[in-house]
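Report on the structure given below.
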Amino acid sequence: RFGVLGTVFKRVSTDVNKKINILRSKLRQDPDSYRTVRNMVMFETCHNVTVTDTNNGCRTLLRLHRALEFVAEFIQVLSVEEGDNISNSVWTAYSATLAKHHTWLVRNSVSMAMYTLPTRGNILEQVGKTERPESLGNLVSVMRDVYRVVETAYTEFDLLQLK
């Protein structure tokens with residue numbers, strides 16, 4: 001839920017939900033082929049779905065995979081940052097993750113959006129972690145584990161450059 005980041009990030013939340021719904025729909029339509037990441041990757045590559053369907057599961061999950069890397073870095077910033085202004089740290093996280101997949105225009109829009117972020121304290125308050133923000137480190141660890149599993153499968157099948 002990106003709602004805690006303010007109205008500028010509402011579009012991001014809508015986009016993430018749309019991608020999740022695409023994957024859920026594929027799972028409902030063909031549970032065996034979409035039950036695991038590996039099953040999906042094998043099915044879609046063997047049947048050229050990654051070429052013929054612009055809403056293919058591999059491309060959709062790749063976009064979510066990239067977002068997960070950023071979100072993990074963002075939450076890491078929240079868990080360790082001392083000050084209330086997190087814009088520079090979040091920009092650094094974005095630059096190291098999603099920026100390499102975005103156009104110049106998108107990167108500049110994100111740069112401007114960083115100045116509208118709520119304070120670290122406000123975000124922690126909204127997610128209920130004001131007492132022990134360092135406990136978010138456990139979440140970051142799980143997110144990174146999931147990221148590694150998907151990264152391994154996509155590397156094995158040479159899907160990290162899907163357009």
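Residues in the structure tokens are numbered from 1 in each chain, the chains being A, B, ... in the order shown, and ligands are numbered from 1 in the order shown.
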### Message
as a VMD selection string, please: every residue in chain A that a backbone DSSP assignment puts in helix (DSSP H, G or I).
### Response
chain A and resid 3 to 5 7 to 29 31 to 34 37 to 46 49 to 52 57 to 80 87 to 96 98 to 101 104 to 114 120 to 126 133 to 156
### Query
Within 12 Å of A:Val41, counting only C-alpha atoms, which residues qualify if same-chain residues fewer than 6 places away don't, as JSON, numbers by chain?
{"A": [33, 34, 35, 47, 48, 49, 50, 56, 57, 58, 59, 60, 61, 62, 150, 151, 152, 153, 154, 155, 156, 157, 158, 159, 160]}
Include N, CA and C atoms and write out the residues we just selected as a compact mmCIF listing (two decimals), in the first residue's frame.
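Resulting contents of out-v8.txt:
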# COMPACT_ATOMS: atom_id res chain seq x y z
N SER A 33 -0.09 -24.05 -14.87
CA SER A 33 0.99 -23.32 -15.54
C SER A 33 1.45 -22.09 -14.75
N TYR A 34 0.63 -21.62 -13.82
CA TYR A 34 0.96 -20.39 -13.10
C TYR A 34 1.06 -20.57 -11.58
N ARG A 35 1.14 -21.81 -11.13
CA ARG A 35 1.19 -22.08 -9.69
C ARG A 35 2.48 -21.57 -9.04
N HIS A 47 5.91 -21.74 -24.85
CA HIS A 47 4.77 -21.46 -25.73
C HIS A 47 4.84 -20.05 -26.35
N ASN A 48 5.98 -19.40 -26.26
CA ASN A 48 6.20 -18.06 -26.83
C ASN A 48 5.21 -17.01 -26.33
N VAL A 49 4.65 -17.23 -25.17
CA VAL A 49 3.69 -16.28 -24.61
C VAL A 49 4.38 -14.94 -24.33
N THR A 50 5.66 -14.97 -23.99
CA THR A 50 6.39 -13.73 -23.71
C THR A 50 6.53 -12.86 -24.95
N ASN A 56 1.77 -10.71 -20.66
CA ASN A 56 2.23 -12.02 -20.21
C ASN A 56 2.67 -11.96 -18.75
N GLY A 57 2.60 -13.11 -18.11
CA GLY A 57 2.93 -13.19 -16.69
C GLY A 57 4.38 -12.87 -16.40
N CYS A 58 5.28 -13.29 -17.28
CA CYS A 58 6.71 -13.04 -17.04
C CYS A 58 7.03 -11.55 -17.04
N ARG A 59 6.52 -10.84 -18.02
CA ARG A 59 6.74 -9.39 -18.09
C ARG A 59 6.10 -8.70 -16.89
N THR A 60 4.89 -9.11 -16.56
CA THR A 60 4.16 -8.50 -15.45
C THR A 60 4.89 -8.72 -14.13
N LEU A 61 5.32 -9.96 -13.89
CA LEU A 61 6.05 -10.24 -12.66
C LEU A 61 7.40 -9.54 -12.64
N LEU A 62 8.04 -9.39 -13.79
CA LEU A 62 9.32 -8.68 -13.84
C LEU A 62 9.17 -7.24 -13.35
N VAL A 150 13.10 -15.05 -7.47
CA VAL A 150 12.63 -14.62 -8.79
C VAL A 150 13.82 -14.27 -9.68
N GLU A 151 14.79 -13.58 -9.13
CA GLU A 151 15.99 -13.18 -9.89
C GLU A 151 16.69 -14.42 -10.45
N THR A 152 16.80 -15.46 -9.66
CA THR A 152 17.45 -16.71 -10.09
C THR A 152 16.70 -17.33 -11.26
N ALA A 153 15.39 -17.45 -11.14
CA ALA A 153 14.59 -18.04 -12.22
C ALA A 153 14.68 -17.20 -13.49
N TYR A 154 14.59 -15.88 -13.36
CA TYR A 154 14.64 -15.02 -14.53
C TYR A 154 16.02 -15.02 -15.17
N THR A 155 17.05 -15.13 -14.37
CA THR A 155 18.41 -15.22 -14.91
C THR A 155 18.59 -16.52 -15.67
N GLU A 156 18.13 -17.60 -15.08
CA GLU A 156 18.25 -18.92 -15.71
C GLU A 156 17.58 -18.97 -17.08
N PHE A 157 16.45 -18.29 -17.22
CA PHE A 157 15.70 -18.31 -18.48
C PHE A 157 15.94 -17.06 -19.33
N ASP A 158 16.92 -16.25 -18.92
CA ASP A 158 17.30 -15.04 -19.66
C ASP A 158 16.10 -14.10 -19.90
N LEU A 159 15.37 -13.81 -18.82
CA LEU A 159 14.18 -12.98 -18.92
C LEU A 159 14.31 -11.61 -18.27
N LEU A 160 15.47 -11.28 -17.75
CA LEU A 160 15.61 -10.02 -17.03
C LEU A 160 15.54 -8.79 -17.95
Got a sec: who's within 12 Å of A:Met143, counting only C-alpha atoms, leaving out chain neighbours fewer than 4 positions off, as a CSV table (one decimal) with N, CA, C and O atoms, in the first residue's frame?
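Dumped to result_3.csv:
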chain,number,residue,atom,x,y,z
A,64,LEU,N,6.9,-6.1,-11.2
A,64,LEU,CA,6.7,-6.2,-9.8
A,64,LEU,C,8.0,-6.6,-9.1
A,64,LEU,O,8.3,-6.1,-8.0
A,65,HIS,N,8.8,-7.4,-9.7
A,65,HIS,CA,10.1,-7.8,-9.2
A,65,HIS,C,11.0,-6.6,-9.0
A,65,HIS,O,11.6,-6.5,-7.9
A,66,ARG,N,11.0,-5.8,-10.0
A,66,ARG,CA,11.8,-4.6,-9.9
A,66,ARG,C,11.3,-3.6,-8.8
A,66,ARG,O,12.1,-3.0,-8.1
A,67,ALA,N,10.0,-3.5,-8.7
A,67,ALA,CA,9.4,-2.7,-7.7
A,67,ALA,C,9.7,-3.2,-6.3
A,67,ALA,O,10.0,-2.5,-5.4
A,68,LEU,N,9.7,-4.5,-6.2
A,68,LEU,CA,10.0,-5.2,-4.9
A,68,LEU,C,11.4,-4.8,-4.4
A,68,LEU,O,11.7,-4.5,-3.2
A,69,GLU,N,12.4,-4.8,-5.3
A,69,GLU,CA,13.7,-4.4,-5.0
A,69,GLU,C,13.8,-3.0,-4.4
A,69,GLU,O,14.4,-2.7,-3.4
A,70,PHE,N,13.0,-2.1,-5.1
A,70,PHE,CA,13.0,-0.7,-4.5
A,70,PHE,C,12.3,-0.6,-3.2
A,70,PHE,O,12.8,0.0,-2.3
A,71,VAL,N,11.2,-1.3,-3.1
A,71,VAL,CA,10.4,-1.2,-1.8
A,71,VAL,C,11.2,-1.8,-0.6
A,71,VAL,O,11.2,-1.2,0.5
A,72,ALA,N,12.0,-2.8,-0.9
A,72,ALA,CA,12.9,-3.4,0.1
A,72,ALA,C,13.9,-2.3,0.6
A,72,ALA,O,14.2,-2.2,1.8
A,73,GLU,N,14.5,-1.6,-0.4
A,73,GLU,CA,15.5,-0.6,-0.1
A,73,GLU,C,14.8,0.6,0.6
A,73,GLU,O,15.4,1.1,1.6
A,74,PHE,N,13.6,0.9,0.2
A,74,PHE,CA,12.9,2.0,0.9
A,74,PHE,C,12.6,1.6,2.3
A,74,PHE,O,12.8,2.5,3.2
A,75,ILE,N,12.1,0.4,2.6
A,75,ILE,CA,11.8,0.0,4.0
A,75,ILE,C,13.1,-0.1,4.8
A,75,ILE,O,13.1,0.3,6.0
A,76,GLN,N,14.2,-0.5,4.1
A,76,GLN,CA,15.4,-0.5,4.8
A,76,GLN,C,15.8,0.9,5.3
A,76,GLN,O,16.2,1.1,6.5
A,136,LEU,N,11.4,-3.6,11.1
A,136,LEU,CA,11.1,-3.7,9.7
A,136,LEU,C,12.2,-4.4,9.0
A,136,LEU,O,12.0,-4.9,7.9
A,137,GLY,N,13.4,-4.6,9.6
A,137,GLY,CA,14.5,-5.3,9.0
A,137,GLY,C,14.1,-6.7,8.7
A,137,GLY,O,14.6,-7.3,7.7
A,138,ASN,N,13.2,-7.3,9.5
A,138,ASN,CA,12.7,-8.7,9.2
A,138,ASN,C,12.0,-8.7,7.9
A,138,ASN,O,12.1,-9.7,7.1
A,139,LEU,N,11.1,-7.8,7.7
A,139,LEU,CA,10.4,-7.7,6.5
A,139,LEU,C,11.3,-7.5,5.3
A,139,LEU,O,11.1,-8.2,4.2
A,147,TYR,N,13.0,-11.8,-3.7
A,147,TYR,CA,13.7,-11.1,-4.8
A,147,TYR,C,14.7,-12.1,-5.4
A,147,TYR,O,14.8,-12.3,-6.6
A,148,ARG,N,15.5,-12.7,-4.5
A,148,ARG,CA,16.5,-13.6,-5.0
A,148,ARG,C,16.0,-14.8,-5.8
A,148,ARG,O,16.5,-15.3,-6.8
A,149,VAL,N,14.8,-15.4,-5.3
A,149,VAL,CA,14.2,-16.5,-5.9
A,149,VAL,C,13.8,-16.2,-7.3
A,149,VAL,O,14.1,-16.9,-8.3
A,150,VAL,N,13.1,-15.1,-7.5
A,150,VAL,CA,12.6,-14.6,-8.8
A,150,VAL,C,13.8,-14.3,-9.7
A,150,VAL,O,13.9,-14.6,-10.9
### A:Val127, A:Asp53, A:Thr92, A:Val77 ranked by distance to A:Ser111, top pick (using only C-alpha atoms)
A:Thr92
